[in-house]
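*Asks:* Take a look at upload-v3.cif, mmCIF, C-alpha atoms:
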```cif
data_protein
#
loop_
_atom_site.label_atom_id
_atom_site.label_comp_id
_atom_site.auth_asym_id
_atom_site.auth_seq_id
_atom_site.Cartn_x
_atom_site.Cartn_y
_atom_site.Cartn_z
CA MET A 1 9.59 24.15 22.66
CA THR A 2 8.67 20.56 22.08
CA ALA A 3 7.98 21.17 18.41
CA TYR A 4 11.26 23.04 18.06
CA ARG A 5 13.19 20.17 19.63
CA SER A 6 11.44 17.64 17.37
CA LEU A 7 12.23 19.66 14.28
CA LEU A 8 15.89 19.95 15.20
CA ARG A 9 16.15 16.27 15.96
CA HIS A 10 14.36 15.41 12.75
CA LYS A 11 16.74 17.49 10.66
CA ALA A 12 19.74 16.12 12.50
CA THR A 13 18.52 12.63 11.74
CA ARG A 14 18.07 13.37 8.06
CA THR A 15 21.54 14.81 7.86
CA LEU A 16 23.14 11.94 9.73
CA VAL A 17 21.49 9.25 7.66
CA ARG A 18 22.19 11.05 4.42
CA VAL A 19 25.84 11.58 5.31
CA ALA A 20 26.21 8.01 6.46
CA LEU A 21 24.76 6.65 3.27
CA CYS A 22 26.69 9.08 1.11
CA ALA A 23 30.09 8.40 2.60
CA THR A 24 32.53 5.88 1.29
CA VAL A 25 32.47 2.37 2.57
CA GLY A 26 35.23 1.20 4.70
CA THR A 27 33.28 -1.80 5.69
CA THR A 28 33.19 -4.55 8.07
CA ALA A 29 31.51 -7.63 7.12
CA THR A 30 28.90 -9.59 5.43
CA VAL A 31 28.15 -12.79 4.11
CA LEU A 32 28.92 -13.33 0.60
CA CYS A 33 28.28 -16.61 -0.84
CA ALA A 34 29.84 -19.55 -2.26
CA PRO A 35 30.89 -20.90 -5.57
CA THR A 36 27.94 -22.12 -7.55
CA VAL A 37 27.85 -24.23 -10.66
CA TRP A 38 25.27 -22.02 -12.30
CA SER A 39 26.71 -18.56 -11.77
CA ALA A 40 26.51 -16.92 -15.15
CA PRO A 41 29.42 -14.62 -16.07
CA THR A 42 27.28 -12.98 -18.72
CA ASP A 43 24.46 -11.95 -16.39
CA SER A 44 23.12 -8.47 -17.04
CA TYR A 45 21.15 -6.20 -14.73
CA ALA A 46 18.89 -3.24 -15.35
CA VAL A 47 16.29 -1.04 -13.68
CA THR A 48 13.00 -2.57 -14.80
CA ALA A 49 10.71 -0.21 -12.88
CA THR A 50 10.86 3.11 -11.06
CA ILE A 51 8.01 3.56 -8.60
CA PRO A 52 7.23 7.07 -7.31
CA VAL A 53 6.38 7.61 -3.65
CA ASN A 54 5.50 10.79 -1.80
CA GLY A 55 8.64 12.01 -0.06
CA LEU A 56 12.13 10.71 0.65
CA ALA A 57 12.07 6.92 0.46
CA GLU A 58 14.13 5.23 3.19
CA GLY A 59 13.32 1.68 4.36
CA ILE A 60 12.15 -1.35 2.38
CA ALA A 61 10.98 -4.86 3.25
CA ILE A 62 9.43 -7.65 1.18
CA SER A 63 6.59 -9.90 2.35
CA PRO A 64 7.51 -13.58 2.83
CA ASP A 65 5.47 -14.60 -0.22
CA GLY A 66 7.09 -11.89 -2.35
CA SER A 67 3.78 -10.31 -3.36
CA ARG A 68 4.23 -7.03 -1.52
CA ALA A 69 7.00 -4.51 -0.84
CA TYR A 70 6.63 -2.12 2.09
CA VAL A 71 8.43 1.22 1.88
CA THR A 72 8.81 3.99 4.46
CA HIS A 73 8.95 7.55 3.16
CA GLY A 74 8.09 11.19 3.86
CA ASP A 75 9.49 14.68 3.42
CA ASP A 76 11.34 16.65 6.09
CA GLY A 77 8.89 18.13 8.55
CA ALA A 78 5.93 16.21 7.10
CA ALA A 79 4.12 13.20 8.52
CA GLY A 80 5.79 9.91 7.73
CA GLN A 81 4.17 7.35 5.48
CA LEU A 82 4.21 3.62 4.80
CA SER A 83 3.23 2.44 1.32
CA VAL A 84 2.53 -1.05 0.06
CA ILE A 85 3.69 -1.93 -3.45
CA ASP A 86 2.26 -4.75 -5.54
CA THR A 87 5.37 -6.53 -6.84
CA ALA A 88 3.49 -7.99 -9.81
CA THR A 89 2.31 -4.65 -11.20
CA LYS A 90 5.04 -2.48 -9.59
CA THR A 91 2.39 -0.01 -8.42
CA VAL A 92 1.50 1.50 -5.04
CA LEU A 93 -1.67 -0.08 -3.66
CA ASN A 94 -2.10 1.89 -0.46
CA THR A 95 -0.42 4.52 1.72
CA LEU A 96 -0.77 4.93 5.46
CA ALA A 97 0.35 7.69 7.85
CA VAL A 98 2.88 6.62 10.47
CA GLY A 99 5.29 8.51 12.74
CA ASN A 100 7.76 11.23 11.82
CA PHE A 101 10.66 10.20 9.51
CA PRO A 102 10.11 6.43 9.33
CA VAL A 103 13.14 4.37 8.26
CA GLY A 104 13.42 0.78 9.47
CA VAL A 105 10.67 -1.62 8.45
CA THR A 106 10.19 -5.37 8.78
CA VAL A 107 7.48 -7.94 8.05
CA SER A 108 6.43 -10.82 10.30
CA PRO A 109 7.18 -14.37 9.05
CA ASN A 110 3.47 -14.99 8.46
CA GLY A 111 3.15 -11.75 6.48
CA GLN A 112 0.31 -10.47 8.66
CA THR A 113 2.09 -7.64 10.44
CA VAL A 114 4.48 -4.85 9.48
CA TYR A 115 6.61 -2.93 12.00
CA ALA A 116 7.86 0.54 11.03
CA GLY A 117 10.23 2.57 13.19
CA SER A 118 9.86 6.36 13.23
CA ASN A 119 13.25 7.98 13.72
CA GLY A 120 11.78 11.41 14.37
CA ASP A 121 9.37 10.59 17.19
CA ASP A 122 10.93 7.47 18.76
CA THR A 123 8.15 4.99 18.12
CA VAL A 124 7.42 1.76 16.26
CA SER A 125 4.09 1.52 14.44
CA VAL A 126 2.44 -1.90 14.25
CA ILE A 127 0.41 -2.33 11.04
CA ASP A 128 -2.11 -5.06 10.24
CA THR A 129 -1.51 -6.03 6.59
CA THR A 130 -5.09 -7.18 6.09
CA THR A 131 -6.76 -3.94 7.15
CA PHE A 132 -3.65 -1.79 6.54
CA ALA A 133 -4.29 0.05 9.78
CA VAL A 134 -2.02 0.93 12.69
CA THR A 135 -3.00 -1.32 15.60
CA ALA A 136 -0.39 -0.16 18.13
CA THR A 137 2.30 2.47 18.62
CA ILE A 138 5.22 1.45 20.83
CA PRO A 139 7.70 3.93 22.39
CA VAL A 140 11.36 2.97 21.86
CA GLY A 141 14.80 4.60 22.14
CA ASP A 142 15.99 7.91 20.76
CA GLY A 143 16.11 7.82 16.95
CA PRO A 144 15.14 4.28 15.91
CA LEU A 145 16.84 3.31 12.68
CA GLY A 146 17.25 -0.44 12.14
CA VAL A 147 14.16 -2.59 12.76
CA THR A 148 14.01 -6.35 12.29
CA ILE A 149 11.96 -9.30 13.48
CA THR A 150 13.32 -12.62 14.70
CA PRO A 151 12.76 -15.54 12.32
CA ASP A 152 10.44 -17.18 14.86
CA GLY A 153 8.31 -14.02 14.89
CA THR A 154 8.32 -13.58 18.66
CA LYS A 155 10.50 -10.47 18.98
CA VAL A 156 11.07 -7.21 17.11
CA LEU A 157 14.46 -5.59 17.66
CA VAL A 158 15.05 -1.86 17.23
CA ALA A 159 18.43 -0.08 17.10
CA SER A 160 18.26 3.60 18.14
CA GLN A 161 21.06 5.73 16.75
CA PHE A 162 21.03 8.69 19.14
CA ASP A 163 21.06 6.96 22.53
CA GLY A 164 22.73 3.69 21.48
CA HIS A 165 19.88 1.55 22.78
CA LEU A 166 18.63 -1.82 21.54
CA THR A 167 14.93 -2.28 22.27
CA ILE A 168 13.36 -5.76 22.28
CA ILE A 169 9.60 -5.89 21.72
CA ASP A 170 7.38 -8.88 22.51
CA THR A 171 5.16 -9.32 19.44
CA ALA A 172 2.48 -11.19 21.38
CA THR A 173 1.76 -8.18 23.60
CA ASN A 174 3.29 -5.32 21.58
CA THR A 175 5.20 -4.24 24.67
CA VAL A 176 8.89 -3.63 25.33
CA SER A 177 10.37 -6.64 27.11
CA SER A 178 13.97 -5.39 27.37
CA THR A 179 16.05 -2.28 26.69
CA LEU A 180 19.79 -2.68 26.42
CA ALA A 181 22.17 0.29 26.47
CA LEU A 182 24.85 -0.56 23.91
CA GLY A 183 26.31 2.93 23.68
CA GLY A 184 27.81 4.46 20.57
CA THR A 185 25.72 5.07 17.45
CA THR A 186 23.68 1.95 16.78
CA MET A 187 22.52 1.82 13.16
CA PHE A 188 21.20 -1.46 11.74
CA LEU A 189 21.04 -5.08 12.81
CA ALA A 190 20.66 -8.68 11.72
CA VAL A 191 19.36 -11.69 13.66
CA SER A 192 20.64 -15.27 13.53
CA PRO A 193 18.36 -17.93 12.02
CA ASP A 194 17.76 -19.51 15.43
CA SER A 195 16.41 -16.16 16.72
CA ARG A 196 18.89 -16.13 19.60
CA THR A 197 21.64 -13.70 18.50
CA ALA A 198 21.54 -10.13 17.22
CA TYR A 199 24.39 -8.34 15.47
CA VAL A 200 24.15 -4.55 15.80
CA THR A 201 26.38 -2.10 13.94
CA ASP A 202 27.93 0.73 15.97
CA SER A 203 29.16 3.32 13.51
CA SER A 204 30.83 5.63 16.01
CA GLY A 205 32.50 2.77 17.89
CA ASN A 206 33.72 1.01 14.73
CA ALA A 207 32.35 -2.30 15.94
CA ILE A 208 29.52 -4.81 15.82
CA ASP A 209 27.83 -5.70 19.10
CA VAL A 210 26.83 -9.34 19.55
CA VAL A 211 23.72 -9.64 21.72
CA ASP A 212 22.14 -12.72 23.27
CA ILE A 213 18.44 -12.04 22.72
CA PRO A 214 16.92 -14.27 25.46
CA THR A 215 19.06 -12.66 28.19
CA ALA A 216 19.35 -9.21 26.54
CA ALA A 217 23.09 -9.18 27.19
CA VAL A 218 26.13 -8.24 25.09
CA THR A 219 28.28 -11.34 24.67
CA ALA A 220 30.97 -10.00 22.33
CA ARG A 221 32.10 -6.97 20.34
CA ILE A 222 33.59 -7.47 16.89
CA PRO A 223 36.06 -4.78 15.73
CA ALA A 224 35.14 -3.31 12.37
CA SER A 225 37.19 -1.55 9.74
CA GLY A 226 35.69 1.91 9.42
CA SER A 227 32.20 2.78 10.60
CA PRO A 228 29.84 -0.15 10.01
CA LEU A 229 26.43 0.69 8.62
CA ASP A 230 24.18 -2.02 7.16
CA ILE A 231 24.41 -5.75 7.89
CA ASP A 232 23.10 -9.07 6.60
CA ILE A 233 23.58 -12.69 7.70
CA THR A 234 23.68 -16.11 6.05
CA ASP A 235 20.76 -18.47 6.48
CA ASN A 236 22.78 -20.68 8.80
CA GLY A 237 24.17 -17.77 10.77
CA SER A 238 27.79 -18.51 9.95
CA THR A 239 28.67 -15.35 8.04
CA LEU A 240 27.91 -11.65 8.26
CA CYS A 241 27.97 -9.03 5.53
CA VAL A 242 28.43 -5.37 6.48
CA THR A 243 28.82 -2.09 4.67
CA GLY A 244 30.32 0.94 6.32
CA VAL A 245 31.67 4.45 5.85
CA ASP A 246 35.38 5.18 5.82
CA GLY A 247 36.40 8.16 3.75
CA PHE A 248 34.78 9.58 0.62
CA SER A 249 36.59 8.08 -2.36
CA THR A 250 36.32 4.27 -2.27
CA GLY A 251 34.16 1.68 -0.58
CA SER A 252 34.13 -1.98 0.35
CA ALA A 253 32.06 -4.89 1.57
CA SER A 254 33.58 -7.28 4.07
CA ILE A 255 32.87 -10.87 5.03
CA ILE A 256 32.91 -11.89 8.70
CA ASP A 257 32.95 -15.42 10.05
CA THR A 258 30.61 -15.47 13.06
CA ALA A 259 32.45 -18.40 14.67
CA THR A 260 35.87 -16.76 14.66
CA ARG A 261 34.51 -13.20 14.55
CA SER A 262 37.10 -12.25 11.99
CA VAL A 263 37.05 -10.65 8.55
CA THR A 264 37.73 -13.30 5.92
CA ALA A 265 37.46 -11.14 2.80
CA THR A 266 37.10 -7.51 1.75
CA ILE A 267 35.61 -6.58 -1.62
CA PRO A 268 36.27 -3.09 -3.04
CA VAL A 269 33.13 -1.30 -4.26
CA ALA A 270 32.26 2.25 -5.29
CA ALA A 271 31.91 5.15 -2.89
CA ALA A 272 28.82 5.89 -0.78
CA ALA A 273 27.78 2.32 -0.09
CA GLY A 274 24.73 2.01 2.14
CA GLY A 275 22.14 -0.76 2.26
CA ILE A 276 23.14 -4.33 1.45
CA ASP A 277 21.15 -7.49 0.81
CA VAL A 278 22.07 -10.93 -0.49
CA ALA A 279 19.72 -12.78 -2.82
CA PRO A 280 18.21 -15.87 -1.15
CA ASP A 281 19.55 -18.11 -3.95
CA GLY A 282 23.09 -17.13 -2.97
CA HIS A 283 23.98 -16.02 -6.50
CA THR A 284 24.37 -12.28 -5.96
CA ALA A 285 24.66 -9.54 -3.38
CA TYR A 286 23.32 -6.04 -3.96
CA ILE A 287 24.61 -2.78 -2.45
CA ALA A 288 22.78 0.54 -2.72
CA HIS A 289 24.97 3.61 -3.22
CA SER A 290 24.07 7.21 -2.54
CA THR A 291 25.61 10.35 -4.04
CA PRO A 292 28.09 10.57 -5.73
CA THR A 293 27.77 7.00 -7.03
CA ASN A 294 23.94 6.82 -7.32
CA ALA A 295 23.93 3.18 -8.35
CA VAL A 296 23.47 -0.40 -7.24
CA THR A 297 26.55 -2.60 -7.17
CA VAL A 298 26.01 -6.28 -7.99
CA ILE A 299 28.52 -8.73 -6.54
CA ASP A 300 28.97 -12.28 -7.83
CA THR A 301 29.15 -14.29 -4.63
CA ALA A 302 31.04 -17.14 -6.26
CA THR A 303 33.98 -15.04 -7.41
CA ARG A 304 33.46 -12.24 -4.85
CA THR A 305 33.85 -9.63 -7.55
CA VAL A 306 31.72 -6.74 -8.77
CA THR A 307 29.92 -7.86 -11.93
CA ALA A 308 27.63 -4.89 -12.59
CA THR A 309 26.95 -1.30 -11.62
CA VAL A 310 23.37 -0.21 -12.30
CA PRO A 311 22.56 3.55 -12.22
CA ILE A 312 19.53 4.54 -10.11
CA THR A 313 17.98 7.83 -9.03
CA GLU A 314 19.93 9.98 -6.58
CA ASN A 315 20.67 9.10 -2.97
CA GLY A 316 20.03 5.36 -2.89
CA GLN A 317 19.37 4.22 0.67
CA LEU A 318 18.31 0.68 1.60
CA ILE A 319 17.65 -2.47 -0.39
CA ALA A 320 15.68 -5.73 -0.19
CA VAL A 321 15.65 -8.72 -2.55
CA THR A 322 12.49 -10.69 -3.31
CA PRO A 323 12.28 -14.28 -2.02
CA ASN A 324 12.61 -15.67 -5.56
CA SER A 325 15.84 -13.63 -6.01
CA ALA A 326 14.45 -12.02 -9.17
CA ASP A 327 14.35 -8.37 -8.12
CA ALA A 328 16.10 -5.98 -5.76
CA TYR A 329 13.99 -3.08 -4.47
CA VAL A 330 16.05 0.03 -3.72
CA THR A 331 14.81 3.16 -1.95
CA SER A 332 15.97 6.61 -2.98
CA GLN A 333 15.71 10.02 -1.37
CA SER A 334 14.65 11.24 -4.80
CA ASP A 335 11.15 9.99 -3.87
CA THR A 336 11.36 6.70 -5.74
CA VAL A 337 11.81 2.96 -5.38
CA SER A 338 13.90 1.40 -8.15
CA VAL A 339 13.55 -2.26 -9.11
CA VAL A 340 16.84 -3.78 -10.28
CA SER A 341 16.41 -7.11 -12.06
CA ASN A 342 18.62 -9.77 -13.56
CA THR A 343 17.58 -9.51 -17.20
CA SER A 344 19.44 -12.62 -18.37
CA ALA A 345 18.91 -16.27 -17.58
CA PRO A 346 21.67 -18.35 -15.95
CA THR A 347 23.85 -20.20 -18.44
CA ASP A 348 23.09 -23.46 -16.69
CA PRO A 349 19.98 -24.27 -14.64
CA PRO A 350 20.41 -25.05 -10.96
CA THR A 351 21.19 -28.74 -10.50
CA THR A 352 21.41 -28.73 -6.71
CA THR A 353 19.95 -26.98 -3.73
CA PRO A 354 21.04 -23.35 -3.22
CA PRO A 355 24.84 -23.18 -3.29
CA THR A 356 26.83 -23.37 -0.08
CA LEU A 357 30.20 -22.11 0.97
CA PRO A 358 32.50 -24.73 2.42
CA GLY A 359 31.68 -24.75 6.10
CA THR A 360 29.24 -21.84 5.94
CA GLY A 361 26.08 -22.56 3.97
CA SER A 362 23.98 -20.53 1.60
CA LEU A 363 23.31 -16.87 1.99
CA GLY A 364 20.61 -15.33 4.09
CA THR A 365 17.31 -13.82 3.13
CA ILE A 366 16.29 -10.21 3.05
CA PHE A 367 17.87 -7.66 5.22
CA GLY A 368 14.74 -6.64 7.00
CA SER A 369 15.76 -3.09 7.38
#
```
Mind converting the file's structure to structure tokens?
*Replies:*
Amino acid sequence: MTAYRSLLRHKATRTLVRVALCATVGTTATVLCAPTVWSAPTDSYAVTATIPVNGLAEGIAISPDGSRAYVTHGDDGAAGQLSVIDTATKTVLNTLAVGNFPVGVTVSPNGQTVYAGSNGDDTVSVIDTTTFAVTATIPVGDGPLGVTITPDGTKVLVASQFDGHLTIIDTATNTVSSTLALGGTTMFLAVSPDSRTAYVTDSSGNAIDVVDIPTAAVTARIPASGSPLDIDITDNGSTLCVTGVDGFSTGSASIIDTATRSVTATIPVAAAAGGIDVAPDGHTAYIAHSTPTNAVTVIDTATRTVTATVPITENGQLIAVTPNSADAYVTSQSDTVSVVSNTSAPTDPPTTTPPTLPGTGSLGTIFGS
């Protein structure tokens, strides 16, 4: 009976995630960046590597030094896996068994620990990156999806899609410090740079929950256009970037001001938008698209327009950009990780610090699953 229930839940999860990532975006918000003197209108992008993994690739996170990419993957009904990719050679160095259907994954600020959420068995695996061994397994809510760590490294936050719970884990003890019932269908989340505020997408409630992390309390709820899915935040916490699902023919990415909690811009993109990440240099934003688009959209953050569409293997899922902004790693349910790179140099070299939007600041770092 237990095995039967797990199998049903596992398949339901696969279906829900696949549908969510294959539907059209009717988005709600993200942070797209500001005009920059060195944005090159002639930039070109291409897939520079396709890395095979064993089973449907889902989550992706990059180490703080950019030397490693961590990907969650595994076939339906099979044990989940976490692989580490060498970003210099674009090859898999090691693969470790984790829980059933792992999706969300995040890396600690010091690069020493990886946290992978297993959607099929409601746990988070804690992995030591030196020994590449699981050191703890932490029970969380029903169907963990988004997993991210606070910038100060003290808390891991987990959004569980089936029971609408947000779980807060103390990284010092690897124990759950708080569980907050948000309701709805919680999907992914982003954390403010000061580690105090979490923004959690609720796809069924068409909203983004704003959570005060120290008190584990909801402080606001931002209405979203369509069903919000993935989310990113600027490095100063002033702007959010969210993809969502709203129909099956067109998509969009929206910009939300965190001070006013209002959408300030909406950018049309292709259908089936899923994962989103903004390059740390603030020059571009990348969106992974599933079927029928099967591509990565590149957005120029200065003009807030789509500048490239790069075909990838089928059913693109989530995406993470390296700290040097050179490559975007994209997972695919066709058992691969694609590396999308800017293959042209900027027309003018950077002459200032990373570009800033008036009153907002430069864009945030990797999405952290």
*Asks:* Which neighbours of Ser203 in chain A fall inside 10 Å, counting all atoms listed in the file, when residues of the same chain fewer than 5 positions from it are skipped, and could you give them as an MDAnalysis selection string?
*Replies:* chainID A and resid 20 161 184:188 208 224 226:230 244:245
*Asks:* Report, in Å to a single decimal, how far apart CA of Ala97 in chain A and CA of Leu82 in chain A are.
*Replies:*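 Between these atoms lies a distance of 6.4 Å.
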*Asks:* Enumerate, as a list of chain:residue names, the residues matched when the PyMOL selection byres ((chain A and resi 275) around 8) is run on the file above.
*Replies:*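 Applying the PyMOL selection byres ((chain A and resi 275) around 8) to the structure shown produces A:Leu21, A:Leu229, A:Asp230, A:Ile231, A:Thr243, A:Ala273, A:Gly274, A:Ile276, A:Asp277, A:Ile287, A:Ala288, A:His289, A:Gln317, A:Leu318, A:Ile319.
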*Asks:* Would you please work out which residue, of A:Gly104, A:Gly66, A:Gly111, A:Gly141, is nearest to Ala326 in chain A when using all atoms listed in the file?
*Replies:*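 Between A:Gly104, A:Gly66, A:Gly111, A:Gly141, the residue approaching Ala326 in chain A most closely is A:Gly66.
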*Asks:* Nearest to Ile127 in chain A: which of A:Ser338, A:Asn100, A:Asn236, A:Thr171 is it, counting all atoms listed in the file?
*Replies:* A:Thr171
*Asks:* So what does the PyMOL selection byres ((chain A and resi 335) around 9) actually pick up in this one, as a PyMOL selection string?
*Replies:* chain A and resi 51-57+73-75+313+331-334+336-337
*Asks:* In Å to one decimal, how far is CA of Val218 in chain A from CA of Phe101 in chain A?
*Replies:* 28.7 Å
*Asks:* To test your reading of the syntax: which residues would the PyMOL selection byres ((chain A and resi 113) around 12) return for the file shown? Reply as a short mmCIF file (atom, residue, chain, number, x, y, z; two decimals) with C-alpha atoms, keeping the file's coordinate frame.
*Replies:*
```cif
data_model
loop_
_atom_site.label_atom_id
_atom_site.label_comp_id
_atom_site.auth_asym_id
_atom_site.auth_seq_id
_atom_site.Cartn_x
_atom_site.Cartn_y
_atom_site.Cartn_z
CA ALA A 61 10.98 -4.86 3.25
CA ILE A 62 9.43 -7.65 1.18
CA SER A 63 6.59 -9.90 2.35
CA PRO A 64 7.51 -13.58 2.83
CA TYR A 70 6.63 -2.12 2.09
CA VAL A 105 10.67 -1.62 8.45
CA THR A 106 10.19 -5.37 8.78
CA VAL A 107 7.48 -7.94 8.05
CA SER A 108 6.43 -10.82 10.30
CA PRO A 109 7.18 -14.37 9.05
CA ASN A 110 3.47 -14.99 8.46
CA GLY A 111 3.15 -11.75 6.48
CA GLN A 112 0.31 -10.47 8.66
CA VAL A 114 4.48 -4.85 9.48
CA TYR A 115 6.61 -2.93 12.00
CA ALA A 116 7.86 0.54 11.03
CA SER A 125 4.09 1.52 14.44
CA VAL A 126 2.44 -1.90 14.25
CA ILE A 127 0.41 -2.33 11.04
CA ASP A 128 -2.11 -5.06 10.24
CA THR A 129 -1.51 -6.03 6.59
CA THR A 130 -5.09 -7.18 6.09
CA THR A 131 -6.76 -3.94 7.15
CA PHE A 132 -3.65 -1.79 6.54
CA ALA A 133 -4.29 0.05 9.78
CA VAL A 134 -2.02 0.93 12.69
CA THR A 135 -3.00 -1.32 15.60
CA ALA A 136 -0.39 -0.16 18.13
CA ILE A 149 11.96 -9.30 13.48
CA GLY A 153 8.31 -14.02 14.89
CA THR A 154 8.32 -13.58 18.66
CA VAL A 156 11.07 -7.21 17.11
CA THR A 171 5.16 -9.32 19.44
CA ALA A 172 2.48 -11.19 21.38
CA ASN A 174 3.29 -5.32 21.58
#
```
*Asks:* Using Å and a single decimal, report how far CA of Ala271 in chain A sits from CA of Ser290 in chain A.
*Replies:*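 Going from CA of Ser290 in chain A over to CA of Ala271 in chain A, I get 8.1 Å.
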*Asks:* Of the candidates A:Arg196, A:Gly183, A:Ile255, A:Asp121, which shows the shortest atom-to-atom distance to Lys155 in chain A, using all atoms listed in the file?
*Replies:*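 The closest residue to Lys155 in chain A is A:Arg196.
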*Asks:* Quick one: of A:Thr150, A:Thr307, A:Thr137, A:Ser341, who's nearest to Ala320 in chain A, counting all atoms listed in the file?
*Replies:* A:Ser341
*Asks:* Could you tell me which of A:Ile169, A:Tyr286, A:Ser160, A:Asn315 comes closest to Pro214 in chain A if we count all atoms listed in the file?
*Replies:*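 Smallest distance to Pro214 in chain A is found for A:Ile169.
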*Asks:* Need to verify the contact set: Leu93 in chain A, 7 Å, all atoms listed in the file, exclusion of same-chain residues closer than 3 positions in sequence. Can you return it as a count of residues only?
*Replies:* 3
*Asks:* May I have the centre and edge lengths, in Å to one decimal, of an axis-aligned box around the listed atoms of range 83-101 of chain A with 8 Å added to every side, as AutoDock Vina command-line options?
*Replies:*
```
--center_x 4.3 --center_y 1.6 --center_z 0.8 --size_x 28.8 --size_y 35.2 --size_z 39.9
```
*Asks:* I need the residue nearest Thr179 in chain A from this list: A:Val211, A:Val191, A:Ala216, A:Ala259. Use all atoms listed in the file for the distance.
*Replies:*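 Looking at the shortest contact to Thr179 in chain A, the residue is A:Ala216.
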*Asks:* Complete the atom set of range 153-167 of chain A to N, CA, C and O atoms and return it as a short mmCIF file (atom, residue, chain, number, x, y, z; two decimals), keeping the file's coordinate frame.
*Replies:*
```
data_model
loop_
_atom_site.label_atom_id
_atom_site.label_comp_id
_atom_site.auth_asym_id
_atom_site.auth_seq_id
_atom_site.Cartn_x
_atom_site.Cartn_y
_atom_site.Cartn_z
N GLY A 153 9.41 -14.97 14.80
CA GLY A 153 8.31 -14.02 14.89
C GLY A 153 7.94 -13.56 16.27
O GLY A 153 6.97 -12.82 16.43
N THR A 154 8.72 -13.90 17.29
CA THR A 154 8.32 -13.58 18.66
C THR A 154 8.84 -12.23 19.15
O THR A 154 8.33 -11.67 20.11
N LYS A 155 9.88 -11.70 18.51
CA LYS A 155 10.50 -10.47 18.98
C LYS A 155 10.79 -9.54 17.79
O LYS A 155 11.16 -9.99 16.71
N VAL A 156 10.61 -8.24 18.04
CA VAL A 156 11.07 -7.21 17.11
C VAL A 156 12.20 -6.46 17.81
O VAL A 156 12.06 -6.07 18.97
N LEU A 157 13.30 -6.28 17.10
CA LEU A 157 14.46 -5.59 17.66
C LEU A 157 14.64 -4.26 16.96
O LEU A 157 14.53 -4.17 15.72
N VAL A 158 14.94 -3.22 17.75
CA VAL A 158 15.05 -1.86 17.23
C VAL A 158 16.36 -1.25 17.71
O VAL A 158 16.62 -1.20 18.91
N ALA A 159 17.19 -0.78 16.77
CA ALA A 159 18.43 -0.08 17.10
C ALA A 159 18.19 1.42 17.02
O ALA A 159 17.72 1.92 15.99
N SER A 160 18.49 2.15 18.09
CA SER A 160 18.26 3.60 18.14
C SER A 160 19.59 4.33 18.07
O SER A 160 20.45 4.17 18.95
N GLN A 161 19.76 5.16 17.05
CA GLN A 161 21.06 5.73 16.75
C GLN A 161 21.52 6.81 17.70
O GLN A 161 22.72 7.00 17.89
N PHE A 162 20.61 7.55 18.34
CA PHE A 162 21.03 8.69 19.14
C PHE A 162 21.38 8.34 20.58
O PHE A 162 22.22 8.98 21.19
N ASP A 163 20.73 7.33 21.16
CA ASP A 163 21.06 6.96 22.53
C ASP A 163 21.77 5.60 22.63
O ASP A 163 22.10 5.15 23.72
N GLY A 164 22.01 4.95 21.47
CA GLY A 164 22.73 3.69 21.48
C GLY A 164 21.99 2.56 22.15
O GLY A 164 22.60 1.62 22.67
N HIS A 165 20.67 2.58 22.12
CA HIS A 165 19.88 1.55 22.78
C HIS A 165 19.40 0.49 21.78
O HIS A 165 19.12 0.79 20.62
N LEU A 166 19.30 -0.75 22.27
CA LEU A 166 18.63 -1.82 21.54
C LEU A 166 17.36 -2.15 22.31
O LEU A 166 17.41 -2.52 23.49
N THR A 167 16.22 -2.00 21.64
CA THR A 167 14.93 -2.28 22.27
C THR A 167 14.40 -3.60 21.74
O THR A 167 14.41 -3.85 20.53
#
```
